[in-house]
Protein chains: 2
Amino acid sequence: MSEWILEYDGFDPEQERLREALCTLGNGYFATRGAAAEATASTVHYPATYLAGGFNRLITDIAGRPIVNEDLVNFPNWLHLTFKPEGGEWFNLLAVEILSYRQELHLKNGLLNRDIRFRDKQGNIFTLSTRRLVHMADPHLAAMETAISSENWSGKMRIKSELDGSVINAGVDRYKQLNSKHLETLNLGKAGDDSVYLVVRTVQSRIEMAQAARTRMFLNGKRMTPEIHSYEEKEVVGQELEFDLAKGKTFKVEKIVSLYTCRDAAISECSLAAQEAVSRAGRFTELLDSHTRAWHSLWRRYDVEVRAKDQAQLVLRLHIFHLLQTISPHTIGLDVGVPARGLHGEAYRGHIFWDEMFMFFFYSLRIPEVTRSLLLYRYRRLDAARAGAKEAGYEGAMYPWQSGSDGSEETQKVHLNPISGRWIDDHSRLQRHVNIAIVYNVWQYYQASGDMEFLVYYGAEMMLEIARFWASIATYNKKTKRYEIKGVMGPDEYHEKYPNSEKGGLNNNAYTNVMAVWVLERAIEVLDLLDEERRSELFEELNLKKEEIQRWKDITCKMTVPFHGDGIISQFEGYDQLEEFDWDRYRHKYGDIERLDRILEAENDSANRYKVSKQADVLMLFYLFSAEELGELLVHLGYRFEYDTIPSNVEYYLRRTSHGSSLSRLVNSWVLARSDRPGAWPLFIELLRSDINDIQHGTTPEGIHTGAMAGTVDLIQRCFTGIETRGDVLWLNPRLPKGLNSLTLNIHYREHLLGLHVTRTSARISTEPSTRKSIRIGITGEIHELNAGEVREFQL
Amino acid sequence: MSEWILEYDGFDPEQERLREALCTLGNGYFATRGAAAEATASTVHYPATYLAGGFNRLITDIAGRPIVNEDLVNFPNWLHLTFKPEGGEWFNLLAVEILSYRQELHLKNGLLNRDIRFRDKQGNIFTLSTRRLVHMADPHLAAMETAISSENWSGKMRIKSELDGSVINAGVDRYKQLNSKHLETLNLGKAGDDSVYLVVRTVQSRIEMAQAARTRMFLNGKRMTPEIHSYEEKEVVGQELEFDLAKGKTFKVEKIVSLYTCRDAAISECSLAAQEAVSRAGRFTELLDSHTRAWHSLWRRYDVEVRAKDQAQLVLRLHIFHLLQTISPHTIGLDVGVPARGLHGEAYRGHIFWDEMFMFFFYSLRIPEVTRSLLLYRYRRLDAARAGAKEAGYEGAMYPWQSGSDGSEETQKVHLNPISGRWIDDHSRLQRHVNIAIVYNVWQYYQASGDMEFLVYYGAEMMLEIARFWASIATYNKKTKRYEIKGVMGPDEYHEKYPNSEKGGLNNNAYTNVMAVWVLERAIEVLDLLDEERRSELFEELNLKKEEIQRWKDITCKMTVPFHGDGIISQFEGYDQLEEFDWDRYRHKYGDIERLDRILEAENDSANRYKVSKQADVLMLFYLFSAEELGELLVHLGYRFEYDTIPSNVEYYLRRTSHGSSLSRLVNSWVLARSDRPGAWPLFIELLRSDINDIQHGTTPEGIHTGAMAGTVDLIQRCFTGIETRGDVLWLNPRLPKGLNSLTLNIHYREHLLGLHVTRTSARISTEPSTRKSIRIGITGEIHELNAGEVREFQL
């Protein structure tokens, strides 16, 4: 199998939705699904989802069920292009005899190809080849080239090319009780001889979007002059092109499509902009050229080259490919967050959770500005987070667990259990730990980029306001003489409340408490980093008091962390009182028990009663911190911490986790790889299977898992190389696992582009020639000065 | 007169429009005019102009006259608030007997106060005091507090508070043939008991904007419960509040208003956002507190303290005040350019010209990010500039002389001469030199900020594409063995073409040619600054060829610069052939001859025939460059350049300039101040009068002159202090003119905030304590290392 091409031979209707998700095209501005789309008249929808974390707020009906949600809106389908030989029928992939079928996704230049040879009901044999791209240089453009030839038929051929505004959101089965129609068509029509346009508006958020499509035909490279008939329906606009086709001839149809919305900068009006864009655009091959150049630039920065067995190289590149299609340099300046499922699918409705925590290293070590732009998405919602804290009775800023357009809480209060068919109370909004992730992300971005300007004007304000929130949610227990955080949920979503309790939330979740201390420490540190002018400005603007800082310092010495007594950190206070779960019985009974919560609820039981975790919770601490750092934090809090309890903690929780989240596997692999790098490869390979093999049975067709995808690349990039950005030194501690023979990648550090080539015995580091100052590299315990343009090799 | 308060005693209807312009309030997001607005029922409109360089393209009718232009759209009037004692009439300032009238604009905290005591037709005496602000901390808010008391009347009092969507653009007389109605009302209504909202949309560009207004009443600080009657008209929504007023009592009305548009980030939908904003907002005094804190922060960075006679201090602060109301930290992230007339007035329809060239130093030396954001406005329109070059037959990017929303050319092809009433051909789009200003701005921003990231990812691309344009418009003359630039206009708009020529444009405009060489030199320099990776990326992306760079280098040695022969640089080739103008006769005949072009056209003559300039053209070279720099450029081109010809050039052109542009006075003052700093003060004082005294007779009411305002501050900041940012040194060469005793200001240089205090004999420089690296200061010829937290004093 190639290392650059994801290929499928043969058509398999059962696999179509998975392939569609894996072959989604995008450029960080818009995305297009639809593997089988272009030449069928099937009823499958082909969303181009737009602006993650985008549009809207959740509106619930009286029973509390979500009914309208435009956070993720499918864009009008531009792919529709089909043909009909005179006397035959409009081409339908499902109604013809497929003689051969091959699909290739070219990762190197973002091109999706499909070649089909088929016999129609009349016995005529046609071949159909399409090439499709969503343009990586001009984010407003997409293009499709379709070549059609007949082997044994001559006659009048008709082509139909449409823009279809009647699309609905129907990609996730369990959302089918929700409103699915989010677009209303405002305007459509002809634009010049060869083009049509369509303007739609989202129903609630009133965002106008316009598409224009230019359809031209070519024979032997020369423009054909078919008879063109344009037509307008209520929500569809299209053109039919009619011409004579001779047996054995191949003609090409080029469909160039543009997309603009009323939120785009530097336009007059989106319909005008869309129409101008297609009229200015070059031919398909010209677009492919500039598209390929743009992808080439991206790969030069983002590629990770591995010499390893299995499909590792291909899948790693597939992950990088999708990450760059979701968040790219085109995202800079857009008001978008990091969607849990990319721009690919409808699952989670485009809401923003905490997934960025697992993704930012991937972006920060390449083009830091991309991360900066995503952090500004949070900054713009700081006022909403302040309002959130105030409403909940806290101080500072409390970011919501799930959010969309305006940054208010969008987490559902009830959710549907598809097994029992019941709507269940949902307390997951109590996951206040999203307010840890945001500070972690700000801090790591600053560490990697050294971008003081960002820290001073945006980062510090978020950090201080979130620190305030943690200080205000923490209460002092006079008996234990320690601070406590009550009524929250940790990352593990199986535990929403104590069994038999009506109220949601748990007390002293270890992850939350330790990280809250870390947040307060960083807030204190950032105050020291600011110059006096800006510090006093912030004190004045935020009305920050000296006594508050005093309280922060006090909490960092006296926060509660619950232990079982045997060195095992308790996931939360009382965790050790819960019942052990009969894993074998349930595995035997149900097979797949990843979503134990749903199974138990359907049995009128509850996951809250058991020592079971959906995903890493305590283990998150070992993922985020080295043993030394975690030890320091706990010792500072006055707890005894023996390093050799780490393996027992890891072992304890791994045994009790069902991995109902793709992020959980990532964290576990990372934690295990840390303690046993030579043996980490098989687990890594297992992790790589998540999306390409849809190991969560149907979740990938609802959208790829961006957090897990970024996590695998990050595991290679940071865990196997041992990269850390501490002080003003870039530390490396490379040690490749068995199965991985070498590793080549570029990273961006303090304005330098570094080339890194690691084998099992050596590491080569090079910098680009430039006028930049030298940087310091720490490797095998020693610090080296590296000048621009230097190459250095180290034996390991 | 106070140094912080612009005050007017007594009401003068004749002066009202000027005062209205000078007292416009804004925050970089929206602005509000209307000095006499709030309590009158007059027909004056009170635009809050929105998003400079914003909306739309110019649409011309068949005769080429502009008919629709939404570049600058007046926002619905939110100020309307009036009252009526039972049996009397709605308050109308023009219909009552004014007993006292006082207006104060408080620059320190952006507060506009007005106190009126009057007797109505029934003989009742009322006092009316209003305080108004456009909020500097939350850019979406504005607020007005109105206190009303009756001295001798008791009875039922009615208040009317409205939002009015029926506003039109009518601020500029000569535009009255243009379409003036740019808003359509979409939706309006009640929002809770005490609030109303109004949603409008711009007609062509389809931008939705929403306002909400909350009106509450208080007596002795306690909320009153008047009878409220809400009403909705076609384009107006309002509330009437009725209650009993006792003689001698003072009640207060607080009107809090919010403004959102569909282009705002972090909202769900603008109407919802506006309604939520007023419901969450605090009381007027709370808003005033946070507003004052925000202004306090701004003044700490931007104030320029002078000890001098006359009104110098007040007017300087008025200029800074308006600059910060037009472009402020709130502008960061908005897609706005630098409007020639601020957000204040309708003149020039909000178009973007080259004024930023005169303004960026003001912003760059304080908060560089503000400048960065304005440069990105240009970057986003690079594609439009590429299309512009292509259409005109050139390579690279050619930015238009006047532009709006989508960055295409918006310069009128005909304009109205109000004297003759004729529509005249207009060639001013041939001012290609805007493509010099943009490169100059990018370069100066980089010099002041050291922001390599910007240069690498945005600046370099603009510089290279513009360099390409200049290289392609330049043609080689085999006879003279020099390059030439033909068919363009220089900054002086009196010269559009050769007399008797049909075609617009002139050949070898000296300013353009010299600066084109400077642009090419900088483009070559920037290529050297990039690291290899990014350089090759840019060569690939822009398809840049080695031979192109070769041609650039060739042009920088061989460009034509025309001279008269006596060391006078010719404004353009053939300038010396033009007739001398009889200045005395015309001054005698017309008095004000600033707009000689209009006068001559009305006489069926043309300014093209004479040695007359509307504004600095050749003199721009002496404004932008030191004698040394200019000398180097010319010598490199193979011309002899004697420094002592500078005064003769200055004298030559000053005698032939009518100053039909506010920028012209600025350039002249600067050029003269350079050669005679001790004597520069009177000219500076004259320059300060431009807007506050409306010396161009009516242009200030059409909008203040931001370029000239910034220029005066910059003259103090750079010319009198001798600040230059060269190499890695901040050079100072302070020398105060007679009349200016001392100067105190802060500047931002390479991440340091520097305090500067200059007297006639000494200069004190201090830095804020911080962890930043030391910087290098050059003063009186020596270079000094300055650490963070240091104070140093130098004798001059």
# chains A, B, ... in the order shown; residues from 1 in each chain; ligands from 1
>>> select_by_dssp(residues="stretch 188-341 of chain B", states="alpha helix (DSSP H)", output="count of residues only")
45
>>> interface_residues(of="chain B", to="chain A", cutoff="9 Å", atoms="only C-alpha atoms", output="PDB file with N, CA and C atoms, in the first residue's frame")
ATOM      1  N   GLY B  54     -15.932  50.121   4.629  1.00  0.00           N
ATOM      2  CA  GLY B  54     -16.733  48.985   4.969  1.00  0.00           C
ATOM      3  C   GLY B  54     -17.468  48.295   3.875  1.00  0.00           C
ATOM      4  N   PHE B  55     -18.507  48.846   3.432  1.00  0.00           N
ATOM      5  CA  PHE B  55     -19.545  48.019   2.897  1.00  0.00           C
ATOM      6  C   PHE B  55     -19.507  47.684   1.436  1.00  0.00           C
ATOM      7  N   ASN B  56     -19.284  48.642   0.617  1.00  0.00           N
ATOM      8  CA  ASN B  56     -19.913  48.485  -0.649  1.00  0.00           C
ATOM      9  C   ASN B  56     -19.101  49.001  -1.795  1.00  0.00           C
ATOM     10  N   ARG B  57     -19.589  48.729  -2.954  1.00  0.00           N
ATOM     11  CA  ARG B  57     -18.969  49.275  -4.127  1.00  0.00           C
ATOM     12  C   ARG B  57     -19.821  50.401  -4.687  1.00  0.00           C
ATOM     13  N   GLN B 204     -27.692  47.461  -0.341  1.00  0.00           N
ATOM     14  CA  GLN B 204     -26.939  46.697  -1.320  1.00  0.00           C
ATOM     15  C   GLN B 204     -26.097  45.582  -0.702  1.00  0.00           C
ATOM     16  N   SER B 205     -25.387  45.909   0.364  1.00  0.00           N
ATOM     17  CA  SER B 205     -24.422  44.937   0.897  1.00  0.00           C
ATOM     18  C   SER B 205     -25.047  43.955   1.878  1.00  0.00           C
ATOM     19  N   ARG B 206     -26.309  44.196   2.243  1.00  0.00           N
ATOM     20  CA  ARG B 206     -27.074  43.249   3.039  1.00  0.00           C
ATOM     21  C   ARG B 206     -26.441  42.934   4.393  1.00  0.00           C
ATOM     22  N   ILE B 207     -25.865  43.945   5.013  1.00  0.00           N
ATOM     23  CA  ILE B 207     -25.341  43.769   6.367  1.00  0.00           C
ATOM     24  C   ILE B 207     -26.469  44.038   7.354  1.00  0.00           C
ATOM     25  N   CYS B 262     -24.224  41.683  11.921  1.00  0.00           N
ATOM     26  CA  CYS B 262     -24.082  40.268  11.585  1.00  0.00           C
ATOM     27  C   CYS B 262     -22.630  39.902  11.338  1.00  0.00           C
ATOM     28  N   ARG B 263     -21.750  40.899  11.269  1.00  0.00           N
ATOM     29  CA  ARG B 263     -20.346  40.587  11.054  1.00  0.00           C
ATOM     30  C   ARG B 263     -19.581  40.421  12.357  1.00  0.00           C
ATOM     31  N   ASP B 264     -20.254  40.662  13.468  1.00  0.00           N
ATOM     32  CA  ASP B 264     -19.549  40.544  14.742  1.00  0.00           C
ATOM     33  C   ASP B 264     -19.250  39.094  15.058  1.00  0.00           C
ATOM     34  N   ALA B 265     -18.109  38.889  15.666  1.00  0.00           N
ATOM     35  CA  ALA B 265     -17.731  37.545  16.098  1.00  0.00           C
ATOM     36  C   ALA B 265     -18.377  37.254  17.441  1.00  0.00           C
ATOM     37  N   ALA B 266     -18.397  35.977  17.781  1.00  0.00           N
ATOM     38  CA  ALA B 266     -18.816  35.540  19.113  1.00  0.00           C
ATOM     39  C   ALA B 266     -20.249  35.931  19.460  1.00  0.00           C
ATOM     40  N   ILE B 267     -21.109  35.968  18.451  1.00  0.00           N
ATOM     41  CA  ILE B 267     -22.534  36.154  18.720  1.00  0.00           C
ATOM     42  C   ILE B 267     -23.311  35.070  17.993  1.00  0.00           C
ATOM     43  N   SER B 268     -24.546  34.896  18.421  1.00  0.00           N
ATOM     44  CA  SER B 268     -25.403  33.958  17.709  1.00  0.00           C
ATOM     45  C   SER B 268     -26.118  34.686  16.578  1.00  0.00           C
ATOM     46  N   GLU B 269     -26.710  35.821  16.917  1.00  0.00           N
ATOM     47  CA  GLU B 269     -27.500  36.561  15.924  1.00  0.00           C
ATOM     48  C   GLU B 269     -27.579  37.980  16.453  1.00  0.00           C
ATOM     49  N   CYS B 270     -27.441  38.977  15.593  1.00  0.00           N
ATOM     50  CA  CYS B 270     -27.167  40.322  16.112  1.00  0.00           C
ATOM     51  C   CYS B 270     -28.304  40.907  16.944  1.00  0.00           C
ATOM     52  N   ALA B 273     -28.060  39.364  20.355  1.00  0.00           N
ATOM     53  CA  ALA B 273     -26.877  39.881  21.043  1.00  0.00           C
ATOM     54  C   ALA B 273     -27.150  41.288  21.577  1.00  0.00           C
ATOM     55  N   ARG B 280     -28.037  42.994  30.245  1.00  0.00           N
ATOM     56  CA  ARG B 280     -26.943  42.707  31.162  1.00  0.00           C
ATOM     57  C   ARG B 280     -26.229  43.969  31.653  1.00  0.00           C
ATOM     58  N   SER B 290     -16.379  52.116  34.176  1.00  0.00           N
ATOM     59  CA  SER B 290     -15.529  51.233  33.359  1.00  0.00           C
ATOM     60  C   SER B 290     -15.037  51.973  32.114  1.00  0.00           C
ATOM     61  N   ARG B 293     -12.124  54.115  33.231  1.00  0.00           N
ATOM     62  CA  ARG B 293     -10.919  53.303  33.424  1.00  0.00           C
ATOM     63  C   ARG B 293     -10.256  52.986  32.086  1.00  0.00           C
ATOM     64  N   ALA B 294     -11.092  52.682  31.093  1.00  0.00           N
ATOM     65  CA  ALA B 294     -10.542  52.349  29.777  1.00  0.00           C
ATOM     66  C   ALA B 294      -9.841  53.564  29.165  1.00  0.00           C
ATOM     67  N   SER B 297      -6.463  54.120  30.810  1.00  0.00           N
ATOM     68  CA  SER B 297      -5.420  53.257  30.235  1.00  0.00           C
ATOM     69  C   SER B 297      -4.913  53.814  28.912  1.00  0.00           C
ATOM     70  N   GLY B 333      -8.739  43.259  14.819  1.00  0.00           N
ATOM     71  CA  GLY B 333      -9.602  42.132  14.488  1.00  0.00           C
ATOM     72  C   GLY B 333     -10.784  42.505  13.605  1.00  0.00           C
ATOM     73  N   LEU B 334     -11.135  43.790  13.546  1.00  0.00           N
ATOM     74  CA  LEU B 334     -12.186  44.185  12.602  1.00  0.00           C
ATOM     75  C   LEU B 334     -11.553  44.359  11.225  1.00  0.00           C
ATOM     76  N   ASP B 335     -12.356  44.145  10.214  1.00  0.00           N
ATOM     77  CA  ASP B 335     -11.828  44.300   8.860  1.00  0.00           C
ATOM     78  C   ASP B 335     -11.985  45.747   8.412  1.00  0.00           C
ATOM     79  N   GLU B 369       0.099  46.563  17.647  1.00  0.00           N
ATOM     80  CA  GLU B 369      -0.903  45.636  17.137  1.00  0.00           C
ATOM     81  C   GLU B 369      -2.030  46.335  16.393  1.00  0.00           C
ATOM     82  N   TYR B 377      -5.853  44.625   6.834  1.00  0.00           N
ATOM     83  CA  TYR B 377      -6.952  45.087   5.969  1.00  0.00           C
ATOM     84  C   TYR B 377      -6.474  45.135   4.524  1.00  0.00           C
ATOM     85  N   ARG B 380      -5.734  41.473   3.132  1.00  0.00           N
ATOM     86  CA  ARG B 380      -6.934  40.740   2.713  1.00  0.00           C
ATOM     87  C   ARG B 380      -7.408  41.150   1.327  1.00  0.00           C
ATOM     88  N   ARG B 381      -6.984  42.308   0.881  1.00  0.00           N
ATOM     89  CA  ARG B 381      -7.395  42.807  -0.432  1.00  0.00           C
ATOM     90  C   ARG B 381      -6.296  42.664  -1.485  1.00  0.00           C
ATOM     91  N   ALA B 384      -7.650  41.243  -4.728  1.00  0.00           N
ATOM     92  CA  ALA B 384      -8.344  42.266  -5.516  1.00  0.00           C
ATOM     93  C   ALA B 384      -7.312  43.150  -6.216  1.00  0.00           C
ATOM     94  N   ALA B 387      -6.005  41.331  -9.161  1.00  0.00           N
ATOM     95  CA  ALA B 387      -6.977  41.409 -10.258  1.00  0.00           C
ATOM     96  C   ALA B 387      -6.924  42.791 -10.896  1.00  0.00           C
ATOM     97  N   GLY B 404     -13.123  50.401  -1.114  1.00  0.00           N
ATOM     98  CA  GLY B 404     -14.104  50.148  -0.060  1.00  0.00           C
ATOM     99  C   GLY B 404     -14.071  48.687   0.313  1.00  0.00           C
ATOM    100  N   SER B 405     -15.261  48.173   0.520  1.00  0.00           N
ATOM    101  CA  SER B 405     -15.395  46.828   1.068  1.00  0.00           C
ATOM    102  C   SER B 405     -14.539  45.763   0.406  1.00  0.00           C
ATOM    103  N   ASP B 406     -14.656  45.600  -0.906  1.00  0.00           N
ATOM    104  CA  ASP B 406     -14.022  44.432  -1.517  1.00  0.00           C
ATOM    105  C   ASP B 406     -12.678  44.750  -2.170  1.00  0.00           C
ATOM    106  N   GLY B 407     -12.186  45.951  -1.946  1.00  0.00           N
ATOM    107  CA  GLY B 407     -10.839  46.264  -2.391  1.00  0.00           C
ATOM    108  C   GLY B 407     -10.710  46.549  -3.868  1.00  0.00           C
ATOM    109  N   MET B 452       8.725  40.227  13.042  1.00  0.00           N
ATOM    110  CA  MET B 452       9.198  39.408  11.933  1.00  0.00           C
ATOM    111  C   MET B 452       8.092  38.486  11.404  1.00  0.00           C
ATOM    112  N   GLU B 453       7.282  37.976  12.316  1.00  0.00           N
ATOM    113  CA  GLU B 453       6.191  37.069  11.943  1.00  0.00           C
ATOM    114  C   GLU B 453       5.268  37.746  10.918  1.00  0.00           C
ATOM    115  N   ASP B 528      16.199  39.159   1.397  1.00  0.00           N
ATOM    116  CA  ASP B 528      17.388  38.786   2.177  1.00  0.00           C
ATOM    117  C   ASP B 528      17.053  38.491   3.633  1.00  0.00           C
ATOM    118  N   LEU B 529      15.990  39.120   4.117  1.00  0.00           N
ATOM    119  CA  LEU B 529      15.625  38.946   5.526  1.00  0.00           C
ATOM    120  C   LEU B 529      14.952  37.602   5.793  1.00  0.00           C
ATOM    121  N   LEU B 530      14.301  37.050   4.786  1.00  0.00           N
ATOM    122  CA  LEU B 530      13.560  35.798   4.983  1.00  0.00           C
ATOM    123  C   LEU B 530      14.522  34.628   5.120  1.00  0.00           C
ATOM    124  N   ASP B 531      14.120  33.617   5.878  1.00  0.00           N
ATOM    125  CA  ASP B 531      14.953  32.431   5.883  1.00  0.00           C
ATOM    126  C   ASP B 531      14.716  31.662   4.575  1.00  0.00           C
ATOM    127  N   GLU B 532      15.618  30.746   4.290  1.00  0.00           N
ATOM    128  CA  GLU B 532      15.614  30.076   3.003  1.00  0.00           C
ATOM    129  C   GLU B 532      14.281  29.382   2.716  1.00  0.00           C
ATOM    130  N   GLU B 533      13.761  28.730   3.758  1.00  0.00           N
ATOM    131  CA  GLU B 533      12.515  27.981   3.630  1.00  0.00           C
ATOM    132  C   GLU B 533      11.374  28.869   3.125  1.00  0.00           C
ATOM    133  N   GLU B 537       9.500  29.142  -0.482  1.00  0.00           N
ATOM    134  CA  GLU B 537       8.040  28.990  -0.476  1.00  0.00           C
ATOM    135  C   GLU B 537       7.387  30.146  -1.244  1.00  0.00           C
ATOM    136  N   GLU B 540       7.934  30.003  -4.922  1.00  0.00           N
ATOM    137  CA  GLU B 540       7.063  28.997  -5.510  1.00  0.00           C
ATOM    138  C   GLU B 540       5.624  29.494  -5.593  1.00  0.00           C
ATOM    139  N   GLU B 541       5.122  30.003  -4.452  1.00  0.00           N
ATOM    140  CA  GLU B 541       3.718  30.431  -4.413  1.00  0.00           C
ATOM    141  C   GLU B 541       3.449  31.583  -5.371  1.00  0.00           C
ATOM    142  N   GLU B 751       8.898  46.168  22.416  1.00  0.00           N
ATOM    143  CA  GLU B 751       8.292  45.575  23.624  1.00  0.00           C
ATOM    144  C   GLU B 751       8.535  46.369  24.913  1.00  0.00           C
ATOM    145  N   HIS B 752       9.221  47.499  24.828  1.00  0.00           N
ATOM    146  CA  HIS B 752       9.398  48.348  26.006  1.00  0.00           C
ATOM    147  C   HIS B 752       8.476  49.546  25.947  1.00  0.00           C
ATOM    148  N   LEU B 753       7.992  49.967  27.120  1.00  0.00           N
ATOM    149  CA  LEU B 753       7.271  51.222  27.200  1.00  0.00           C
ATOM    150  C   LEU B 753       8.264  52.259  27.748  1.00  0.00           C
ATOM    151  N   GLU B 768       9.952  50.965  31.851  1.00  0.00           N
ATOM    152  CA  GLU B 768       9.209  50.245  32.894  1.00  0.00           C
ATOM    153  C   GLU B 768      10.045  49.075  33.403  1.00  0.00           C
ATOM    154  N   PRO B 769       9.965  48.783  34.679  1.00  0.00           N
ATOM    155  CA  PRO B 769      10.615  47.563  35.154  1.00  0.00           C
ATOM    156  C   PRO B 769       9.953  46.348  34.482  1.00  0.00           C
ATOM    157  N   SER B 770      10.732  45.426  34.004  1.00  0.00           N
ATOM    158  CA  SER B 770      10.205  44.213  33.377  1.00  0.00           C
ATOM    159  C   SER B 770      11.349  43.234  33.207  1.00  0.00           C
ATOM    160  N   THR B 771      11.045  42.073  32.672  1.00  0.00           N
ATOM    161  CA  THR B 771      12.108  41.075  32.454  1.00  0.00           C
ATOM    162  C   THR B 771      12.657  41.171  31.034  1.00  0.00           C
ATOM    163  N   ARG B 772      12.270  42.227  30.293  1.00  0.00           N
ATOM    164  CA  ARG B 772      12.699  42.342  28.904  1.00  0.00           C
ATOM    165  C   ARG B 772      14.193  42.633  28.754  1.00  0.00           C
TER     166      ARG B 772
END
>>> closest_residue(among="B:Arg223, B:Arg307, B:Arg689, B:Arg214", to="B:Ala274", atoms="only C-alpha atoms")
B:Arg214
>>> residues_around(residues="A:Trp295", least_positions_apart="6", cutoff="12 Å", atoms="only C-alpha atoms", output="list in words")
Gly26, Asn27, His106, Leu107, Lys108, Asn109, Gly110, Leu111, Leu133, Val134, His135, Met136, Ala137, Asp138, Leu288, Asp289, Arg301, Tyr302, Asp303, Ile320, Phe321, Leu324, Gln325, Ser328 and Pro329 of chain A; Glu537, Glu540 and Glu541 of chain B
>>> residues_around(residues="B:Gly421", least_positions_apart="4", cutoff="9 Å", atoms="only C-alpha atoms", output="list in words")
Leu416, Asn417 and Ala602 of chain B
>>> write_last_selection(atoms="N, CA and C atoms", output="PDB file, in the first residue's frame")
ATOM      1  N   LEU B 416     -18.553  66.171  -9.305  1.00  0.00           N
ATOM      2  CA  LEU B 416     -19.339  67.392  -9.429  1.00  0.00           C
ATOM      3  C   LEU B 416     -18.520  68.588  -8.971  1.00  0.00           C
ATOM      4  N   ASN B 417     -18.415  69.586  -9.838  1.00  0.00           N
ATOM      5  CA  ASN B 417     -17.844  70.860  -9.401  1.00  0.00           C
ATOM      6  C   ASN B 417     -18.997  71.706  -8.872  1.00  0.00           C
ATOM      7  N   ALA B 602     -14.658  76.337 -13.550  1.00  0.00           N
ATOM      8  CA  ALA B 602     -15.871  77.142 -13.702  1.00  0.00           C
ATOM      9  C   ALA B 602     -15.639  78.302 -14.674  1.00  0.00           C
TER      10      ALA B 602
END
>>> residues_around(residues="A:Ile765", least_positions_apart="4", cutoff="9 Å", atoms="only C-alpha atoms", output="list in words")
Leu754, Gly755, Leu756, His757, Val758, Glu790, Val791, Arg792, Glu793 and Phe794 of chain A
